[in-house]
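Next comes entry.txt, a file with compact mmCIF, C-alpha atoms and all ligand atoms.
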```
# COMPACT_ATOMS: atom_id res chain seq x y z
CA MET K 1432 14.13 -10.99 3.07
CA SER K 1433 17.67 -10.15 3.98
CA GLN K 1434 20.03 -7.57 2.61
CA SER K 1435 22.44 -10.16 1.33
CA ALA K 1436 19.91 -12.29 -0.54
CA ALA K 1437 20.50 -12.43 -4.28
CA THR K 1438 16.82 -11.80 -4.87
CA HIS K 1439 16.69 -8.91 -2.48
CA PRO K 1440 14.44 -6.39 -4.14
CA VAL K 1441 15.63 -3.19 -2.59
CA ASP K 1442 19.35 -2.96 -3.17
CA ASP K 1443 19.86 0.73 -3.93
CA THR K 1444 22.82 0.14 -6.23
CA GLN K 1445 20.62 -1.98 -8.49
CA ARG K 1446 17.60 0.26 -8.25
CA ARG K 1447 18.78 3.74 -9.07
CA GLY K 1448 19.58 4.76 -12.59
CA THR K 1449 18.94 1.40 -14.21
CA GLY K 1450 16.12 0.02 -16.27
CA ALA K 1451 13.50 1.88 -18.22
CA MET K 1452 11.83 3.58 -15.28
CA PRO K 1453 12.69 7.26 -14.93
CA THR K 1454 14.61 7.91 -11.74
CA VAL K 1455 13.77 10.65 -9.31
CA PRO K 1456 16.66 12.94 -8.46
CA ASP K 1457 16.71 12.65 -4.67
CA ALA K 1458 20.00 14.07 -3.43
CA GLY K 1459 19.26 16.12 -0.35
CA ARG K 1460 15.52 15.44 -0.40
CA THR K 1461 13.66 13.91 2.51
CA PRO K 1462 12.30 10.47 1.67
CA LEU K 1463 8.56 10.10 1.84
CA LEU K 1464 9.17 6.83 3.62
CA LYS K 1465 12.43 5.73 5.18
CA LEU K 1466 12.89 2.25 6.60
CA GLU K 1467 15.96 1.00 8.37
CA ASN K 1468 16.79 -2.11 10.34
CA ILE K 1469 13.40 -3.72 9.77
CA SER K 1470 13.36 -7.30 11.01
CA LYS K 1471 10.50 -9.69 11.66
CA VAL K 1472 10.52 -13.11 13.25
CA PHE K 1473 7.53 -15.47 13.30
CA GLY K 1474 8.26 -18.18 15.87
CA GLY K 1475 11.39 -19.80 14.45
CA VAL K 1476 11.06 -18.18 11.02
CA ARG K 1477 13.02 -15.02 10.32
CA ALA K 1478 10.96 -13.35 7.62
CA LEU K 1479 12.93 -10.08 7.43
CA ARG K 1480 16.48 -9.27 8.47
CA ASN K 1481 17.58 -5.64 8.71
CA VAL K 1482 15.71 -4.44 5.66
CA LYS K 1483 16.47 -0.91 4.63
CA PHE K 1484 15.04 1.23 1.86
CA ASP K 1485 13.71 4.67 1.07
CA VAL K 1486 10.77 5.72 -1.06
CA MET K 1487 11.12 9.21 -2.49
CA PRO K 1488 8.12 11.46 -3.24
CA GLY K 1489 6.71 10.58 -6.64
CA GLU K 1490 8.78 7.43 -6.89
CA VAL K 1491 7.32 4.14 -8.05
CA LEU K 1492 9.20 1.35 -6.36
CA CYS K 1493 8.78 -2.32 -7.19
CA LEU K 1494 9.60 -5.02 -4.65
CA ALA K 1495 10.27 -8.30 -6.41
CA GLY K 1496 11.57 -11.54 -4.99
CA GLU K 1497 10.98 -15.26 -4.71
CA ASN K 1498 8.05 -16.75 -2.80
CA GLY K 1499 8.44 -16.36 0.92
CA CYS K 1500 11.21 -13.74 0.75
CA GLY K 1501 9.16 -11.33 2.84
CA LYS K 1502 7.38 -8.96 0.45
CA SER K 1503 3.99 -9.25 2.12
CA THR K 1504 5.57 -9.03 5.56
CA ILE K 1505 7.24 -5.71 4.76
CA ILE K 1506 3.99 -4.33 3.32
CA LYS K 1507 2.14 -5.41 6.46
CA ILE K 1508 4.73 -3.62 8.59
CA ILE K 1509 4.45 -0.44 6.54
CA SER K 1510 0.66 -0.58 6.83
CA GLY K 1511 0.68 -1.19 10.58
CA VAL K 1512 -0.61 -4.77 10.53
CA TYR K 1513 2.59 -6.23 11.98
CA THR K 1514 4.97 -4.63 14.45
CA PRO K 1515 8.64 -4.99 13.49
CA GLU K 1516 11.24 -6.30 15.93
CA PRO K 1517 12.69 -3.71 18.33
CA GLY K 1518 15.34 -1.46 16.80
CA ALA K 1519 13.40 -0.73 13.63
CA MET K 1520 13.36 2.80 12.27
CA MET K 1521 10.40 3.99 10.22
CA LEU K 1522 10.13 7.62 9.17
CA MET K 1523 7.53 9.35 7.08
CA ASP K 1524 8.53 12.80 5.80
CA GLY K 1525 11.31 12.66 8.38
CA GLU K 1526 8.97 11.99 11.32
CA SER K 1527 9.00 8.73 13.26
CA ILE K 1528 5.98 6.52 12.69
CA GLU K 1529 6.86 4.10 15.44
CA GLY K 1530 3.96 2.18 16.99
CA LEU K 1531 2.03 2.31 13.73
CA ASP K 1532 -1.37 0.60 13.59
CA PRO K 1533 -3.63 0.12 10.54
CA ALA K 1534 -5.88 3.11 11.31
CA ARG K 1535 -2.94 5.47 11.75
CA ALA K 1536 -1.25 4.12 8.63
CA ARG K 1537 -4.37 4.94 6.65
CA ASP K 1538 -4.54 8.38 8.17
CA LEU K 1539 -0.96 8.88 6.99
CA GLY K 1540 -2.02 7.94 3.47
CA ILE K 1541 -0.60 4.44 3.43
CA GLN K 1542 -2.99 2.26 1.47
CA VAL K 1543 -2.63 -1.35 0.42
CA ILE K 1544 -4.47 -2.91 -2.48
CA TRP K 1545 -4.36 -6.66 -1.94
CA GLN K 1546 -4.68 -9.11 -4.77
CA ASP K 1547 -8.26 -10.04 -3.83
CA LEU K 1548 -9.17 -6.29 -3.97
CA ALA K 1549 -11.63 -6.62 -1.05
CA LEU K 1550 -14.50 -4.91 -2.89
CA PHE K 1551 -18.21 -5.36 -2.15
CA PRO K 1552 -19.55 -7.05 -5.31
CA GLU K 1553 -23.22 -6.22 -4.73
CA MET K 1554 -22.54 -2.52 -4.14
CA THR K 1555 -22.10 0.07 -6.88
CA VAL K 1556 -18.84 1.55 -8.12
CA ALA K 1557 -19.58 4.82 -6.28
CA GLU K 1558 -20.46 3.02 -3.06
CA ASN K 1559 -17.27 0.99 -3.17
CA ILE K 1560 -15.06 3.99 -3.87
CA ALA K 1561 -16.48 6.57 -1.53
CA PHE K 1562 -18.74 4.88 0.98
CA GLU K 1563 -16.50 5.42 3.97
CA GLN K 1564 -15.91 9.10 3.25
CA ASN K 1565 -19.56 9.99 3.03
CA LEU K 1566 -21.23 8.37 5.95
CA GLY K 1567 -23.21 11.07 7.67
CA SER K 1568 -22.51 12.06 11.22
CA ARG K 1569 -25.75 10.41 12.27
CA PRO K 1570 -25.70 6.61 12.15
CA ARG K 1571 -26.99 4.97 8.96
CA LEU K 1572 -27.17 8.19 6.94
CA VAL K 1573 -25.28 8.09 3.66
CA ASN K 1574 -24.89 11.18 1.54
CA TYR K 1575 -25.23 9.62 -1.90
CA ARG K 1576 -24.77 12.90 -3.75
CA LYS K 1577 -21.44 13.62 -2.09
CA MET K 1578 -20.42 10.01 -2.45
CA LYS K 1579 -20.97 10.09 -6.20
CA GLN K 1580 -19.23 13.45 -6.54
CA ALA K 1581 -16.14 12.11 -4.79
CA ALA K 1582 -16.15 8.91 -6.85
CA ARG K 1583 -16.61 10.82 -10.10
CA ARG K 1584 -13.78 13.21 -9.24
CA ILE K 1585 -11.30 10.44 -8.55
CA LEU K 1586 -12.23 8.44 -11.66
CA GLU K 1587 -11.79 11.60 -13.74
CA ARG K 1588 -8.41 12.15 -12.16
CA LEU K 1589 -7.46 8.62 -13.13
CA GLY K 1590 -8.78 9.25 -16.64
CA VAL K 1591 -11.20 6.33 -16.64
CA ASP K 1592 -14.84 6.15 -17.49
CA ILE K 1593 -16.74 3.59 -15.43
CA ASP K 1594 -20.47 3.91 -14.73
CA LEU K 1595 -20.76 4.88 -11.08
CA ASN K 1596 -24.09 3.08 -10.73
CA ARG K 1597 -22.93 -0.32 -11.90
CA PRO K 1598 -22.58 -3.05 -9.31
CA VAL K 1599 -18.97 -4.08 -8.97
CA ARG K 1600 -19.84 -7.71 -9.70
CA SER K 1601 -20.62 -6.72 -13.32
CA LEU K 1602 -17.17 -5.19 -13.93
CA SER K 1603 -14.17 -6.78 -15.57
CA ILE K 1604 -11.19 -7.63 -13.37
CA ALA K 1605 -9.29 -4.66 -14.81
CA GLN K 1606 -12.15 -2.30 -13.96
CA ARG K 1607 -12.39 -3.74 -10.44
CA GLN K 1608 -8.70 -3.05 -9.97
CA ILE K 1609 -9.30 0.56 -10.97
CA VAL K 1610 -12.15 0.81 -8.47
CA ALA K 1611 -9.85 -0.50 -5.74
CA ILE K 1612 -7.15 2.02 -6.73
CA ALA K 1613 -9.73 4.81 -6.79
CA ARG K 1614 -10.90 3.82 -3.31
CA ALA K 1615 -7.30 3.97 -2.08
CA LEU K 1616 -6.79 7.45 -3.55
CA VAL K 1617 -10.11 9.04 -2.68
CA ARG K 1618 -9.29 9.93 0.93
N1 LIG N 1701 1.87 -14.94 10.04
C1 LIG N 1701 2.96 -15.71 9.83
N2 LIG N 1701 3.31 -16.69 10.67
C2 LIG N 1701 4.41 -17.44 10.46
N3 LIG N 1701 5.22 -17.32 9.40
C3 LIG N 1701 4.92 -16.35 8.52
C4 LIG N 1701 3.77 -15.50 8.67
N4 LIG N 1701 3.72 -14.64 7.62
C5 LIG N 1701 4.79 -14.95 6.86
N5 LIG N 1701 5.50 -15.97 7.38
C6 LIG N 1701 6.77 -16.53 6.85
O1 LIG N 1701 7.63 -15.43 6.62
C7 LIG N 1701 8.32 -15.57 5.37
C8 LIG N 1701 7.98 -14.38 4.48
O2 LIG N 1701 6.63 -14.51 4.06
P1 LIG N 1701 5.90 -13.45 3.14
O3 LIG N 1701 4.48 -13.87 3.05
O4 LIG N 1701 6.20 -12.08 3.62
O5 LIG N 1701 6.64 -13.67 1.75
P2 LIG N 1701 6.25 -13.13 0.29
O6 LIG N 1701 7.52 -12.59 -0.29
O7 LIG N 1701 5.09 -12.22 0.38
O8 LIG N 1701 5.85 -14.48 -0.47
P3 LIG N 1701 4.87 -14.70 -1.73
O9 LIG N 1701 5.64 -14.34 -2.97
O10 LIG N 1701 4.58 -16.18 -1.67
O11 LIG N 1701 3.64 -13.85 -1.51
C9 LIG N 1701 7.90 -16.92 4.83
O12 LIG N 1701 8.86 -17.87 5.25
C10 LIG N 1701 6.56 -17.17 5.48
O13 LIG N 1701 6.30 -18.55 5.61
MG MG N 1702 3.20 -12.22 -0.50
```
Please re-express this file's structure in structure tokens.
Amino acid sequence: MSQSAATHPVDDTQRRGTGAMPTVPDAGRTPLLKLENISKVFGGVRALRNVKFDVMPGEVLCLAGENGCGKSTIIKIISGVYTPEPGAMMLMDGESIEGLDPARARDLGIQVIWQDLALFPEMTVAENIAFEQNLGSRPRLVNYRKMKQAARRILERLGVDIDLNRPVRSLSIAQRQIVAIARALVR
């Protein structure tokens, strides 16, 4: 992904004020996420060259581009899986998030839903959504009541009705996607 590529997904002049998506008035506002000078090299392959973009609060931003242009690489940098080349600037709410790792990214609210969803098929909807949040302080203790409450709350917020007790393997793909989204939002 480079700033000059024709398929570059994040050219501000193309993004703002075009298309059907409502734009967010952002003059003078601090971006939720600000990236500048993001590069990544794998051996001899330059995956990203000086990528720059902002995500404003409430904004839905789509990255689109041809295979291998660097979409996954930028997502992995934002989520702390890969470290960008030196000189990168990454700010969240105006604060540097340099030295990000996956745990810290999650603590900051950065969640990635990968295509394979990474759900546990034999576990229930509630367990998949809220398992991590409701492990007791003592090892091996799970608070099922709190887990279900949290799962129910997030599904209600999303406006969907999925039986919390169903195993994920019995859900449609669309429902599984919702479970993965709910799990990302429940924290
Ligand atoms: N771990 C890695 N090691 C070496 N090269 C890599 C690695 N990850 C990505 N690349 C290379 O970096 C470039 C960007 O890859 P990336 O997976 O980010 O592209 P993408 O836009 O997500 O592609 P796709 O649309 O196929 O998912 C490609 O040339 C890819 O081969
Ligand atoms: Mg990809």
Collect all residues with atoms no farther than 7 Å from ligand LIG 1701 (chain N), counting only C-alpha atoms and all ligand atoms, and output them as a compact mmCIF listing (two decimals) with C-alpha atoms, keeping the file's coordinate frame.
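The resulting out.txt:
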```
# COMPACT_ATOMS: atom_id res chain seq x y z
CA PHE K 1473 7.53 -15.47 13.30
CA GLY K 1474 8.26 -18.18 15.87
CA VAL K 1476 11.06 -18.18 11.02
CA ARG K 1477 13.02 -15.02 10.32
CA ALA K 1478 10.96 -13.35 7.62
CA GLY K 1496 11.57 -11.54 -4.99
CA GLU K 1497 10.98 -15.26 -4.71
CA ASN K 1498 8.05 -16.75 -2.80
CA GLY K 1499 8.44 -16.36 0.92
CA CYS K 1500 11.21 -13.74 0.75
CA GLY K 1501 9.16 -11.33 2.84
CA LYS K 1502 7.38 -8.96 0.45
CA SER K 1503 3.99 -9.25 2.12
CA THR K 1504 5.57 -9.03 5.56
CA ILE K 1505 7.24 -5.71 4.76
```
What gap, in Å, lies between atom CA of Glu1558 of chain K and atom CA of Met1578 of chain K?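 These two atoms are separated by 7.0 Å.
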Minimum-distance residue to ligand MG 1702 (chain N), chosen among K:Tyr1575, K:Phe1551, K:Trp1545, K:Phe1562 (using only C-alpha atoms and all ligand atoms) =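 Among the listed residues, the smallest separation from ligand MG 1702 (chain N) belongs to K:Trp1545.
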note - atom CA of Ala1605 of chain K and atom CA of Asp1485 of chain K are separated by 29.5 Å
Legend entry - One-decimal distance in Å that lies between atom CA of Ala1613 of chain K and atom CA of Leu1595 of chain K: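 Value for the atom CA of Leu1595 of chain K-atom CA of Ala1613 of chain K distance: 11.8 Å.
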For ligand MG 1702 (chain N), which residue out of K:Ala1615, K:Ala1561, K:Ala1495, K:Met1521 is the nearest one, using only C-alpha atoms and all ligand atoms?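 Nearest candidate to ligand MG 1702 (chain N) out of K:Ala1615, K:Ala1561, K:Ala1495, K:Met1521: K:Ala1495.
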Using all atoms listed in the file, the residue out of K:Ile1528, K:Ala1557, K:Thr1461, K:Leu1548 with shortest distance to Asn1574 of chain K is K:Ala1557
Give me the residues near Lys1579 of chain K as a VMD selection string, where near means some atom within 12 Å (using all atoms listed in the file) and where sequence neighbours in that chain fewer than 3 positions away do not count.
chain K and resid 1555 to 1562 1564 to 1565 1573 to 1576 1582 to 1587 1594 to 1596 1617
Residues proximal to (-0.9, -1.9, 13.5) were defined as those with any atom within 6 Å of that point in the file's coordinates, counting all atoms listed in the file. Which are they, as a ChimeraX atom specification?
/K:1511-1513,1531-1533
If you count all atoms listed in the file, the residue of K:Lys1465, K:Arg1600, K:Lys1507, K:Lys1471 closest to Val1543 of chain K turns out to be K:Lys1507
Query raised in the report: Which is closest to ligand MG 1702 (chain N) among K:Leu1494, K:Ser1510, K:Ala1611, K:Lys1483, if we use only C-alpha atoms and all ligand atoms?
Result: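 Smallest distance to ligand MG 1702 (chain N) is found for K:Leu1494.
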### Query
Which residues come within 9 Å of Pro1517 of chain K, counting only C-alpha atoms, excluding same-chain residues fewer than 2 positions away, as a VMD selection string?
chain K and resid 1469 to 1470 1514 to 1515 1519 to 1520
- Which residue out of K:Gln1546, K:Asn1481, K:Asn1468, K:Ser1527 has the minimum interatomic distance to ligand MG 1702 (chain N) when only C-alpha atoms and all ligand atoms are used?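 Closest to ligand MG 1702 (chain N) of all the choices is K:Gln1546.
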